[in-house]
$ cat protein06.pdb   # PDB, C-alpha atoms, pLDDT in the B column
ATOM      1  CA  MET A1005       0.000   0.000   0.000  1.00 81.00           C
ATOM      2  CA  ARG A1006       1.184   3.507  -0.859  1.00 90.00           C
ATOM      3  CA  VAL A1007       1.870   5.993   1.959  1.00 94.00           C
ATOM      4  CA  LEU A1008       3.028   9.612   1.841  1.00 96.00           C
ATOM      5  CA  LEU A1009       4.963  10.683   4.935  1.00 97.00           C
ATOM      6  CA  VAL A1010       5.079  14.468   5.416  1.00 97.00           C
ATOM      7  CA  GLU A1011       7.643  15.456   8.052  1.00 96.00           C
ATOM      8  CA  ASP A1012      10.068  18.400   7.965  1.00 95.00           C
ATOM      9  CA  GLU A1013      12.606  16.833  10.368  1.00 94.00           C
ATOM     10  CA  GLN A1014      14.437  14.807   7.749  1.00 94.00           C
ATOM     11  CA  PRO A1015      16.301  12.351  10.033  1.00 95.00           C
ATOM     12  CA  LEU A1016      13.014  11.494  11.757  1.00 94.00           C
ATOM     13  CA  ALA A1017      11.219  11.211   8.421  1.00 95.00           C
ATOM     14  CA  LYS A1018      13.817   8.793   7.070  1.00 94.00           C
ATOM     15  CA  TYR A1019      13.690   6.729  10.277  1.00 95.00           C
ATOM     16  CA  ILE A1020       9.883   6.420  10.127  1.00 95.00           C
ATOM     17  CA  ALA A1021       9.960   5.664   6.389  1.00 95.00           C
ATOM     18  CA  ALA A1022      12.491   2.871   6.897  1.00 93.00           C
ATOM     19  CA  GLY A1023      10.285   1.319   9.569  1.00 92.00           C
ATOM     20  CA  LEU A1024       7.170   1.517   7.404  1.00 93.00           C
ATOM     21  CA  ARG A1025       9.001  -0.088   4.480  1.00 90.00           C
ATOM     22  CA  LYS A1026      10.042  -2.993   6.696  1.00 87.00           C
ATOM     23  CA  HIS A1027       6.322  -3.593   7.247  1.00 87.00           C
ATOM     24  CA  GLY A1028       5.669  -3.721   3.514  1.00 84.00           C
ATOM     25  CA  PHE A1029       4.443  -0.189   2.803  1.00 90.00           C
ATOM     26  CA  ALA A1030       5.592   1.743  -0.257  1.00 90.00           C
ATOM     27  CA  VAL A1031       6.595   5.126   1.217  1.00 93.00           C
ATOM     28  CA  ASP A1032       7.200   8.510  -0.408  1.00 94.00           C
ATOM     29  CA  LEU A1033       8.573  11.484   1.524  1.00 96.00           C
ATOM     30  CA  ALA A1034       7.739  15.183   1.544  1.00 97.00           C
ATOM     31  CA  PHE A1035       9.533  17.662   3.790  1.00 97.00           C
ATOM     32  CA  ASP A1036       7.148  20.624   3.459  1.00 97.00           C
ATOM     33  CA  GLY A1037       3.471  21.242   2.826  1.00 96.00           C
ATOM     34  CA  ARG A1038       3.836  22.429  -0.751  1.00 96.00           C
ATOM     35  CA  ALA A1039       5.737  19.305  -1.749  1.00 97.00           C
ATOM     36  CA  ALA A1040       3.050  17.175  -0.085  1.00 96.00           C
ATOM     37  CA  LEU A1041       0.269  18.831  -2.085  1.00 95.00           C
ATOM     38  CA  ASP A1042       2.241  18.482  -5.316  1.00 95.00           C
ATOM     39  CA  LYS A1043       2.842  14.772  -4.732  1.00 94.00           C
ATOM     40  CA  CYS A1044      -0.821  14.154  -3.915  1.00 94.00           C
ATOM     41  CA  GLU A1045      -1.811  15.759  -7.222  1.00 91.00           C
ATOM     42  CA  VAL A1046      -0.032  13.041  -9.198  1.00 88.00           C
ATOM     43  CA  THR A1047      -0.070   9.953  -6.939  1.00 89.00           C
ATOM     44  CA  PRO A1048      -3.103   8.144  -5.459  1.00 86.00           C
ATOM     45  CA  TYR A1049      -1.954   7.571  -1.874  1.00 91.00           C
ATOM     46  CA  ASP A1050      -3.836   5.253   0.447  1.00 91.00           C
ATOM     47  CA  VAL A1051      -2.758   7.158   3.568  1.00 94.00           C
ATOM     48  CA  VAL A1052      -1.004  10.488   4.190  1.00 96.00           C
ATOM     49  CA  VAL A1053       0.897  10.644   7.491  1.00 97.00           C
ATOM     50  CA  LEU A1054       1.032  14.374   8.164  1.00 96.00           C
ATOM     51  CA  ASP A1055       2.928  16.573  10.611  1.00 95.00           C
ATOM     52  CA  ARG A1056       1.180  19.854  11.494  1.00 92.00           C
ATOM     53  CA  ASP A1057       3.980  22.389  11.914  1.00 91.00           C
ATOM     54  CA  LEU A1058       5.315  22.313   8.349  1.00 95.00           C
ATOM     55  CA  PRO A1059       7.229  24.956   6.388  1.00 96.00           C
ATOM     56  CA  VAL A1060       6.000  26.619   3.147  1.00 96.00           C
ATOM     57  CA  VAL A1061       2.396  25.408   3.592  1.00 96.00           C
ATOM     58  CA  HIS A1062       1.212  24.637   7.116  1.00 95.00           C
ATOM     59  CA  GLY A1063       0.051  21.121   7.845  1.00 94.00           C
ATOM     60  CA  ASP A1064      -3.427  22.365   8.766  1.00 94.00           C
ATOM     61  CA  ALA A1065      -3.860  23.850   5.279  1.00 95.00           C
ATOM     62  CA  VAL A1066      -2.584  20.630   3.704  1.00 95.00           C
ATOM     63  CA  CYS A1067      -5.036  18.583   5.781  1.00 95.00           C
ATOM     64  CA  ARG A1068      -7.981  20.801   4.892  1.00 93.00           C
ATOM     65  CA  HIS A1069      -7.190  20.678   1.171  1.00 93.00           C
ATOM     66  CA  LEU A1070      -6.701  16.911   1.045  1.00 92.00           C
ATOM     67  CA  ALA A1071      -9.869  16.318   3.051  1.00 91.00           C
ATOM     68  CA  GLU A1072     -11.882  18.514   0.692  1.00 88.00           C
ATOM     69  CA  GLN A1073     -10.478  16.643  -2.303  1.00 85.00           C
ATOM     70  CA  GLY A1074     -11.034  13.237  -0.693  1.00 83.00           C
ATOM     71  CA  ARG A1075      -7.679  12.086  -2.070  1.00 75.00           C
ATOM     72  CA  ALA A1076      -6.496   9.920   0.836  1.00 86.00           C
ATOM     73  CA  ARG A1077      -7.012   8.998   4.456  1.00 93.00           C
ATOM     74  CA  ILE A1078      -5.090  11.398   6.711  1.00 95.00           C
ATOM     75  CA  LEU A1079      -3.236  10.496   9.895  1.00 95.00           C
ATOM     76  CA  MET A1080      -1.847  13.513  11.739  1.00 94.00           C
ATOM     77  CA  LEU A1081       1.406  12.620  13.494  1.00 92.00           C
ATOM     78  CA  THR A1082       2.513  15.580  15.572  1.00 89.00           C
ATOM     79  CA  ALA A1083       3.936  16.810  18.848  1.00 87.00           C
ATOM     80  CA  SER A1084       0.791  18.949  19.293  1.00 81.00           C
ATOM     81  CA  CYS A1085      -1.197  16.327  21.168  1.00 79.00           C
ATOM     82  CA  GLU A1086      -3.369  18.058  23.759  1.00 85.00           C
ATOM     83  CA  VAL A1087      -7.096  17.361  23.601  1.00 88.00           C
ATOM     84  CA  ALA A1088      -7.731  20.729  21.908  1.00 90.00           C
ATOM     85  CA  ASP A1089      -5.047  19.945  19.303  1.00 86.00           C
ATOM     86  CA  ARG A1090      -6.607  16.569  18.526  1.00 88.00           C
ATOM     87  CA  VAL A1091     -10.057  18.127  18.223  1.00 91.00           C
ATOM     88  CA  ASP A1092      -8.681  20.796  15.864  1.00 89.00           C
ATOM     89  CA  GLY A1093      -6.942  18.217  13.682  1.00 89.00           C
ATOM     90  CA  LEU A1094      -9.997  15.990  13.386  1.00 91.00           C
ATOM     91  CA  THR A1095     -12.187  19.025  12.679  1.00 91.00           C
ATOM     92  CA  LEU A1096      -9.845  20.014   9.841  1.00 91.00           C
ATOM     93  CA  GLY A1097     -10.534  16.651   8.198  1.00 92.00           C
ATOM     94  CA  ALA A1098      -7.944  14.253   9.602  1.00 93.00           C
ATOM     95  CA  ASP A1099      -9.189  10.677   9.912  1.00 94.00           C
ATOM     96  CA  ASP A1100      -6.933   9.890  12.863  1.00 94.00           C
ATOM     97  CA  TYR A1101      -4.472  11.653  15.171  1.00 94.00           C
ATOM     98  CA  LEU A1102      -1.364  10.309  16.902  1.00 93.00           C
ATOM     99  CA  GLY A1103       0.867  12.327  19.188  1.00 91.00           C
ATOM    100  CA  LYS A1104       4.651  12.262  19.390  1.00 90.00           C
ATOM    101  CA  PRO A1105       6.422  10.439  20.907  1.00 89.00           C
ATOM    102  CA  PHE A1106       4.630   7.332  19.702  1.00 91.00           C
ATOM    103  CA  ALA A1107       4.963   3.557  19.688  1.00 93.00           C
ATOM    104  CA  PHE A1108       5.851   2.325  16.198  1.00 93.00           C
ATOM    105  CA  SER A1109       3.530  -0.656  16.560  1.00 92.00           C
ATOM    106  CA  GLU A1110       0.632   1.734  17.166  1.00 94.00           C
ATOM    107  CA  LEU A1111       1.522   3.781  14.085  1.00 95.00           C
ATOM    108  CA  ILE A1112       1.530   0.622  11.950  1.00 93.00           C
ATOM    109  CA  ALA A1113      -1.806  -0.469  13.411  1.00 91.00           C
ATOM    110  CA  ARG A1114      -3.423   2.919  12.812  1.00 93.00           C
ATOM    111  CA  ILE A1115      -2.222   3.090   9.203  1.00 93.00           C
ATOM    112  CA  GLY A1116      -3.519  -0.427   8.618  1.00 88.00           C
ATOM    113  CA  ALA A1117      -6.894   0.524  10.093  1.00 87.00           C
ATOM    114  CA  LEU A1118      -7.156   3.564   7.812  1.00 90.00           C
ATOM    115  CA  ILE A1119      -6.315   1.465   4.760  1.00 83.00           C
ATOM    116  CA  ARG A1120      -9.032  -1.023   5.678  1.00 77.00           C
ATOM    117  CA  ARG A1121     -11.522   1.818   6.044  1.00 78.00           C
ATOM    118  CA  SER A1122     -10.648   3.319   2.665  1.00 67.00           C
ATOM    119  CA  ALA A1123     -10.962   0.062   0.717  1.00 60.00           C
ATOM    120  CA  PRO A1124     -13.970  -2.170   0.098  1.00 54.00           C
ATOM    121  CA  ALA A1125     -14.500  -4.681   2.885  1.00 49.00           C
ATOM    122  CA  ARG A1126     -12.374  -7.784   2.474  1.00 55.00           C
ATOM    123  CA  PRO A1127     -11.765 -10.863   4.605  1.00 62.00           C
ATOM    124  CA  PRO A1128      -8.888 -10.616   7.116  1.00 75.00           C
ATOM    125  CA  VAL A1129      -7.204 -13.587   5.399  1.00 87.00           C
ATOM    126  CA  LEU A1130      -7.041 -13.713   1.582  1.00 90.00           C
ATOM    127  CA  ARG A1131      -7.400 -17.053  -0.204  1.00 89.00           C
ATOM    128  CA  ALA A1132      -7.286 -18.434  -3.731  1.00 91.00           C
ATOM    129  CA  SER A1133      -7.000 -22.121  -4.527  1.00 88.00           C
ATOM    130  CA  ASP A1134      -4.551 -23.476  -1.915  1.00 93.00           C
ATOM    131  CA  VAL A1135      -2.857 -20.107  -1.272  1.00 95.00           C
ATOM    132  CA  VAL A1136      -3.511 -18.289   2.013  1.00 94.00           C
ATOM    133  CA  LEU A1137      -2.191 -14.769   2.692  1.00 94.00           C
ATOM    134  CA  ASP A1138      -2.532 -13.039   6.066  1.00 91.00           C
ATOM    135  CA  PRO A1139      -1.819  -9.282   5.693  1.00 84.00           C
ATOM    136  CA  ALA A1140      -1.793  -8.651   9.448  1.00 77.00           C
ATOM    137  CA  ARG A1141       0.770 -11.361  10.209  1.00 82.00           C
ATOM    138  CA  ARG A1142       2.623 -10.778   6.914  1.00 87.00           C
ATOM    139  CA  THR A1143       2.586 -14.487   6.098  1.00 92.00           C
ATOM    140  CA  ALA A1144       1.734 -16.396   2.910  1.00 95.00           C
ATOM    141  CA  GLU A1145       1.375 -20.143   2.439  1.00 95.00           C
ATOM    142  CA  ARG A1146       0.621 -22.554  -0.368  1.00 95.00           C
ATOM    143  CA  ALA A1147      -0.731 -25.985   0.491  1.00 92.00           C
ATOM    144  CA  GLY A1148       0.530 -25.458   4.035  1.00 92.00           C
ATOM    145  CA  ARG A1149       4.040 -24.523   2.853  1.00 94.00           C
ATOM    146  CA  LEU A1150       5.271 -21.166   4.150  1.00 94.00           C
ATOM    147  CA  LEU A1151       6.413 -18.908   1.304  1.00 95.00           C
ATOM    148  CA  ALA A1152       9.565 -16.825   1.791  1.00 95.00           C
ATOM    149  CA  LEU A1153       8.452 -13.703  -0.071  1.00 94.00           C
ATOM    150  CA  THR A1154      10.190 -10.356  -0.382  1.00 92.00           C
ATOM    151  CA  PRO A1155       8.095  -7.276   0.561  1.00 90.00           C
ATOM    152  CA  LYS A1156       7.483  -6.546  -3.148  1.00 92.00           C
ATOM    153  CA  GLU A1157       6.446 -10.137  -3.894  1.00 95.00           C
ATOM    154  CA  PHE A1158       4.136 -10.102  -0.888  1.00 94.00           C
ATOM    155  CA  GLY A1159       2.628  -6.797  -2.014  1.00 92.00           C
ATOM    156  CA  VAL A1160       1.999  -8.041  -5.550  1.00 95.00           C
ATOM    157  CA  LEU A1161       0.370 -11.236  -4.303  1.00 96.00           C
ATOM    158  CA  GLU A1162      -1.784  -9.233  -1.880  1.00 93.00           C
ATOM    159  CA  GLN A1163      -2.985  -6.939  -4.680  1.00 93.00           C
ATOM    160  CA  LEU A1164      -3.801  -9.876  -6.963  1.00 95.00           C
ATOM    161  CA  LEU A1165      -5.666 -11.774  -4.264  1.00 94.00           C
ATOM    162  CA  THR A1166      -7.576  -8.647  -3.232  1.00 90.00           C
ATOM    163  CA  ALA A1167      -8.718  -8.215  -6.848  1.00 90.00           C
ATOM    164  CA  GLY A1168     -10.442 -11.588  -6.604  1.00 88.00           C
ATOM    165  CA  GLY A1169      -9.731 -12.734 -10.148  1.00 90.00           C
ATOM    166  CA  ASP A1170     -10.068  -9.323 -11.807  1.00 93.00           C
ATOM    167  CA  VAL A1171      -7.168  -8.122 -13.948  1.00 95.00           C
ATOM    168  CA  VAL A1172      -4.649  -5.870 -12.200  1.00 94.00           C
ATOM    169  CA  SER A1173      -2.528  -3.740 -14.512  1.00 93.00           C
ATOM    170  CA  ALA A1174       1.227  -3.411 -14.161  1.00 92.00           C
ATOM    171  CA  GLU A1175       0.677   0.336 -13.673  1.00 90.00           C
ATOM    172  CA  ARG A1176      -1.587  -0.269 -10.672  1.00 90.00           C
ATOM    173  CA  LEU A1177       0.893  -2.709  -9.149  1.00 93.00           C
ATOM    174  CA  LEU A1178       3.633  -0.123  -9.602  1.00 89.00           C
ATOM    175  CA  ASP A1179       1.447   2.519  -7.913  1.00 86.00           C
ATOM    176  CA  LYS A1180       0.501   0.337  -4.953  1.00 87.00           C
ATOM    177  CA  VAL A1181       3.635  -1.703  -4.251  1.00 91.00           C
ATOM    178  CA  TRP A1182       6.541   0.534  -5.330  1.00 88.00           C
ATOM    179  CA  ASP A1183       7.419   4.087  -4.267  1.00 83.00           C
ATOM    180  CA  GLU A1184       8.181   7.292  -6.160  1.00 79.00           C
ATOM    181  CA  HIS A1185      11.730   6.164  -6.963  1.00 76.00           C
ATOM    182  CA  ALA A1186      10.445   3.368  -9.193  1.00 75.00           C
ATOM    183  CA  ASP A1187      11.047   3.968 -12.901  1.00 74.00           C
ATOM    184  CA  PRO A1188       7.655   3.699 -14.690  1.00 71.00           C
ATOM    185  CA  PHE A1189       9.467   2.141 -17.641  1.00 68.00           C
ATOM    186  CA  THR A1190      11.204  -0.471 -15.515  1.00 77.00           C
ATOM    187  CA  ASN A1191      10.700  -4.232 -15.759  1.00 89.00           C
ATOM    188  CA  ALA A1192      10.378  -4.423 -11.964  1.00 90.00           C
ATOM    189  CA  VAL A1193       6.765  -5.605 -12.016  1.00 93.00           C
ATOM    190  CA  ARG A1194       7.413  -8.290 -14.648  1.00 93.00           C
ATOM    191  CA  ILE A1195      10.530  -9.515 -12.832  1.00 94.00           C
ATOM    192  CA  THR A1196       8.766  -9.588  -9.445  1.00 94.00           C
ATOM    193  CA  VAL A1197       5.785 -11.481 -10.880  1.00 95.00           C
ATOM    194  CA  GLY A1198       8.261 -13.959 -12.400  1.00 95.00           C
ATOM    195  CA  THR A1199      10.019 -14.645  -9.090  1.00 96.00           C
ATOM    196  CA  LEU A1200       6.666 -14.826  -7.308  1.00 96.00           C
ATOM    197  CA  ARG A1201       5.468 -17.444  -9.795  1.00 95.00           C
ATOM    198  CA  ARG A1202       8.546 -19.569  -9.134  1.00 95.00           C
ATOM    199  CA  LYS A1203       8.046 -19.385  -5.377  1.00 95.00           C
ATOM    200  CA  LEU A1204       4.366 -20.277  -5.678  1.00 95.00           C
ATOM    201  CA  GLY A1205       5.272 -23.363  -7.687  1.00 93.00           C
ATOM    202  CA  GLU A1206       2.889 -25.667  -9.537  1.00 91.00           C
ATOM    203  CA  PRO A1207       0.206 -25.590 -10.707  1.00 92.00           C
ATOM    204  CA  PRO A1208       0.558 -22.014 -12.038  1.00 92.00           C
ATOM    205  CA  LEU A1209      -1.625 -19.530 -10.169  1.00 93.00           C
ATOM    206  CA  ILE A1210      -0.886 -16.166 -11.836  1.00 95.00           C
ATOM    207  CA  GLU A1211      -2.067 -15.565 -15.374  1.00 94.00           C
ATOM    208  CA  THR A1212      -0.637 -12.882 -17.696  1.00 94.00           C
ATOM    209  CA  LEU A1213      -2.999 -11.081 -20.065  1.00 93.00           C
ATOM    210  CA  THR A1214      -1.008  -9.385 -22.798  1.00 89.00           C
ATOM    211  CA  SER A1215      -1.283  -5.574 -22.691  1.00 87.00           C
ATOM    212  CA  ALA A1216      -3.735  -5.802 -19.775  1.00 92.00           C
ATOM    213  CA  GLY A1217      -1.985  -7.120 -16.691  1.00 94.00           C
ATOM    214  CA  TYR A1218      -2.177 -10.062 -14.317  1.00 96.00           C
ATOM    215  CA  ARG A1219      -4.845 -12.015 -12.484  1.00 95.00           C
ATOM    216  CA  ILE A1220      -5.254 -14.963 -10.180  1.00 93.00           C
ATOM    217  CA  LYS A1221      -6.582 -17.999 -12.036  1.00 87.00           C
ATOM    218  CA  ALA A1222     -10.031 -19.173 -11.023  1.00 70.00           C
TER     219      ALA A1222
END
$ encode --input "protein06.pdb" --output "structure tokens"
Amino acid sequence: MRVLLVEDEQPLAKYIAAGLRKHGFAVDLAFDGRAALDKCEVTPYDVVVLDRDLPVVHGDAVCRHLAEQGRARILMLTASCEVADRVDGLTLGADDYLGKPFAFSELIARIGALIRRSAPARPPVLRASDVVLDPARRTAERAGRLLALTPKEFGVLEQLLTAGGDVVSAERLLDKVWDEHADPFTNAVRITVGTLRRKLGEPPLIETLTSAGYRIKA
């Protein structure tokens, strides 16, 4: 899932981003409010994690604009954490509010909850044929055999299983599983699908539709 982290303290931003990536999120960074708005104009983020006291454009203005546009779920992550601050942030349009300092496990849980709220309801465990994927535990199995998947392979499989047999384009996989540093002309999606196929084994589960994308076989 694609997350935009907006934080002007760059060492902290890079630390949080690294932690989110370890949990399988594709993370882009913005260090001021103007950059955040620009990125949201071109990328469909699932969640925006937003500091309030930002340079160039204040975080409150960013929150209000994104909420009016309905572009993404917004989690305010800020040192301003008194009751009045939380009320202000939620009134501006934030979907959730977490004060600093924070427990990383709580941040992960809150982002996951926002993603579930923004997407159509789906079962907590995804299944197709003899494949079982548990997004919360970050595990995937086939016929009882645990699959050793990279974060990108896991993300691709999650997207395909979520689609329930519908075709998922390479462009959508790139948007949801990779971050802004991914080259849109790269073969990363094709290569990742190839390695995922090998790890899934026989019989083949992922079908390629030329010029359309990929889907899980019925």
$ atom_distance --input "protein06.pdb" --atom1 "atom CA of Asp1100 of chain A" --atom2 "atom CA of Met1080 of chain A"
6.3 Å
$ atom_distance --input "protein06.pdb" --atom1 "atom CA of Gly1159 of chain A" --atom2 "atom CA of Asp1042 of chain A"
25.5 Å
$ residues_around --input "protein06.pdb" --residues "segment 1130-1139 of chain A" --least-positions-apart "3" --cutoff "12 Å" --atoms "all atoms listed in the file" --output "PyMOL selection string"
chain A and resi 1005+1027-1029+1113+1116-1117+1119-1120+1125-1127+1142-1153+1155+1157-1169+1203-1210+1219-1222
$ write_last_selection --input "protein06.pdb" --atoms "C-alpha atoms" --output "mmCIF file, in the coordinates of the input"
data_model
loop_
_atom_site.group_PDB
_atom_site.id
_atom_site.type_symbol
_atom_site.label_atom_id
_atom_site.label_comp_id
_atom_site.auth_asym_id
_atom_site.auth_seq_id
_atom_site.Cartn_x
_atom_site.Cartn_y
_atom_site.Cartn_z
ATOM 1 C CA MET A 1005 0.000 0.000 0.000
ATOM 2 C CA HIS A 1027 6.322 -3.593 7.247
ATOM 3 C CA GLY A 1028 5.669 -3.721 3.514
ATOM 4 C CA PHE A 1029 4.443 -0.189 2.803
ATOM 5 C CA ALA A 1113 -1.806 -0.469 13.411
ATOM 6 C CA GLY A 1116 -3.519 -0.427 8.618
ATOM 7 C CA ALA A 1117 -6.894 0.524 10.093
ATOM 8 C CA ILE A 1119 -6.315 1.465 4.760
ATOM 9 C CA ARG A 1120 -9.032 -1.023 5.678
ATOM 10 C CA ALA A 1125 -14.500 -4.681 2.885
ATOM 11 C CA ARG A 1126 -12.374 -7.784 2.474
ATOM 12 C CA PRO A 1127 -11.765 -10.863 4.605
ATOM 13 C CA ARG A 1142 2.623 -10.778 6.914
ATOM 14 C CA THR A 1143 2.586 -14.487 6.098
ATOM 15 C CA ALA A 1144 1.734 -16.396 2.910
ATOM 16 C CA GLU A 1145 1.375 -20.143 2.439
ATOM 17 C CA ARG A 1146 0.621 -22.554 -0.368
ATOM 18 C CA ALA A 1147 -0.731 -25.985 0.491
ATOM 19 C CA GLY A 1148 0.530 -25.458 4.035
ATOM 20 C CA ARG A 1149 4.040 -24.523 2.853
ATOM 21 C CA LEU A 1150 5.271 -21.166 4.150
ATOM 22 C CA LEU A 1151 6.413 -18.908 1.304
ATOM 23 C CA ALA A 1152 9.565 -16.825 1.791
ATOM 24 C CA LEU A 1153 8.452 -13.703 -0.071
ATOM 25 C CA PRO A 1155 8.095 -7.276 0.561
ATOM 26 C CA GLU A 1157 6.446 -10.137 -3.894
ATOM 27 C CA PHE A 1158 4.136 -10.102 -0.888
ATOM 28 C CA GLY A 1159 2.628 -6.797 -2.014
ATOM 29 C CA VAL A 1160 1.999 -8.041 -5.550
ATOM 30 C CA LEU A 1161 0.370 -11.236 -4.303
ATOM 31 C CA GLU A 1162 -1.784 -9.233 -1.880
ATOM 32 C CA GLN A 1163 -2.985 -6.939 -4.680
ATOM 33 C CA LEU A 1164 -3.801 -9.876 -6.963
ATOM 34 C CA LEU A 1165 -5.666 -11.774 -4.264
ATOM 35 C CA THR A 1166 -7.576 -8.647 -3.232
ATOM 36 C CA ALA A 1167 -8.718 -8.215 -6.848
ATOM 37 C CA GLY A 1168 -10.442 -11.588 -6.604
ATOM 38 C CA GLY A 1169 -9.731 -12.734 -10.148
ATOM 39 C CA LYS A 1203 8.046 -19.385 -5.377
ATOM 40 C CA LEU A 1204 4.366 -20.277 -5.678
ATOM 41 C CA GLY A 1205 5.272 -23.363 -7.687
ATOM 42 C CA GLU A 1206 2.889 -25.667 -9.537
ATOM 43 C CA PRO A 1207 0.206 -25.590 -10.707
ATOM 44 C CA PRO A 1208 0.558 -22.014 -12.038
ATOM 45 C CA LEU A 1209 -1.625 -19.530 -10.169
ATOM 46 C CA ILE A 1210 -0.886 -16.166 -11.836
ATOM 47 C CA ARG A 1219 -4.845 -12.015 -12.484
ATOM 48 C CA ILE A 1220 -5.254 -14.963 -10.180
ATOM 49 C CA LYS A 1221 -6.582 -17.999 -12.036
ATOM 50 C CA ALA A 1222 -10.031 -19.173 -11.023
#
$ closest_residue --input "protein06.pdb" --among "A:Lys1026, A:Arg1121, A:Arg1114, A:Arg1068" --to "Ala1098 of chain A" --atoms "all atoms listed in the file"
A:Arg1068
$ resolve_selection --input "protein06.pdb" --expression "the PyMOL selection byres ((chain A and resi 1193-1199) around 7)" --output "PyMOL selection string"
chain A and resi 1157+1174+1178+1191-1192+1200-1203
$ residues_near_point --input "protein06.pdb" --point "(11.7, 2.1, 6.8)" --cutoff "12 Å" --atoms "all atoms listed in the file" --output "PyMOL selection string"
chain A and resi 1007+1009+1015-1033+1108+1112+1155
$ write_last_selection --input "protein06.pdb" --atoms "C-alpha atoms" --output "compact mmCIF listing (two decimals), in the coordinates of the input"
# COMPACT_ATOMS: atom_id res chain seq x y z
CA VAL A 1007 1.87 5.99 1.96
CA LEU A 1009 4.96 10.68 4.93
CA PRO A 1015 16.30 12.35 10.03
CA LEU A 1016 13.01 11.49 11.76
CA ALA A 1017 11.22 11.21 8.42
CA LYS A 1018 13.82 8.79 7.07
CA TYR A 1019 13.69 6.73 10.28
CA ILE A 1020 9.88 6.42 10.13
CA ALA A 1021 9.96 5.66 6.39
CA ALA A 1022 12.49 2.87 6.90
CA GLY A 1023 10.28 1.32 9.57
CA LEU A 1024 7.17 1.52 7.40
CA ARG A 1025 9.00 -0.09 4.48
CA LYS A 1026 10.04 -2.99 6.70
CA HIS A 1027 6.32 -3.59 7.25
CA GLY A 1028 5.67 -3.72 3.51
CA PHE A 1029 4.44 -0.19 2.80
CA ALA A 1030 5.59 1.74 -0.26
CA VAL A 1031 6.60 5.13 1.22
CA ASP A 1032 7.20 8.51 -0.41
CA LEU A 1033 8.57 11.48 1.52
CA PHE A 1108 5.85 2.33 16.20
CA ILE A 1112 1.53 0.62 11.95
CA PRO A 1155 8.10 -7.28 0.56
$ atom_distance --input "protein06.pdb" --atom1 "atom CA of Gly1103 of chain A" --atom2 "atom CA of Glu1086 of chain A"
8.5 Å
$ resolve_selection --input "protein06.pdb" --expression "the PyMOL selection byres ((chain A and resi 1099) around 7)" --output "list in words"
Arg1077, Ile1078, Leu1079, Leu1094, Gly1097, Ala1098 and Asp1100 of chain A
$ axis_aligned_box --input "protein06.pdb" --around "segment 1085-1103 of chain A" --padding-each-side "4 Å" --output "AutoDock Vina command-line options"
--center_x -5.7 --center_y 15.3 --center_z 16.0 --size_x 21.1 --size_y 18.9 --size_z 23.6
$ closest_residue --input "protein06.pdb" --among "A:His1069, A:Ala1216, A:Ile1115, A:Arg1038" --to "Leu1102 of chain A" --atoms "all atoms listed in the file"
A:Ile1115
$ resolve_selection --input "protein06.pdb" --expression "the PyMOL selection byres ((chain A and resi 1063) around 10)" --output "list in words"
Val1010, Glu1011, Asp1036, Gly1037, Arg1038, Ala1040, Leu1054, Asp1055, Arg1056, Asp1057, Leu1058, Pro1059, Val1060, Val1061, His1062, Asp1064, Ala1065, Val1066, Cys1067, Arg1068, His1069, Met1080, Thr1082 and Gly1093 of chain A
$ closest_residue --input "protein06.pdb" --among "A:Val1052, A:Ala1083, A:Ala1088, A:Ala1034" --to "Lys1104 of chain A" --atoms "all atoms listed in the file"
A:Ala1083
$ closest_residue --input "protein06.pdb" --among "A:Val1091, A:Leu1118, A:Arg1006, A:Phe1035" --to "Val1181 of chain A" --atoms "all atoms listed in the file"
A:Arg1006
$ closest_residue --input "protein06.pdb" --among "A:Ala1140, A:Val1087, A:Tyr1049, A:Val1172" --to "Tyr1101 of chain A" --atoms "all atoms listed in the file"
A:Val1087
$ closest_residue --input "protein06.pdb" --among "A:Val1171, A:Leu1081, A:Thr1190, A:His1185" --to "Tyr1218 of chain A" --atoms "all atoms listed in the file"
A:Val1171
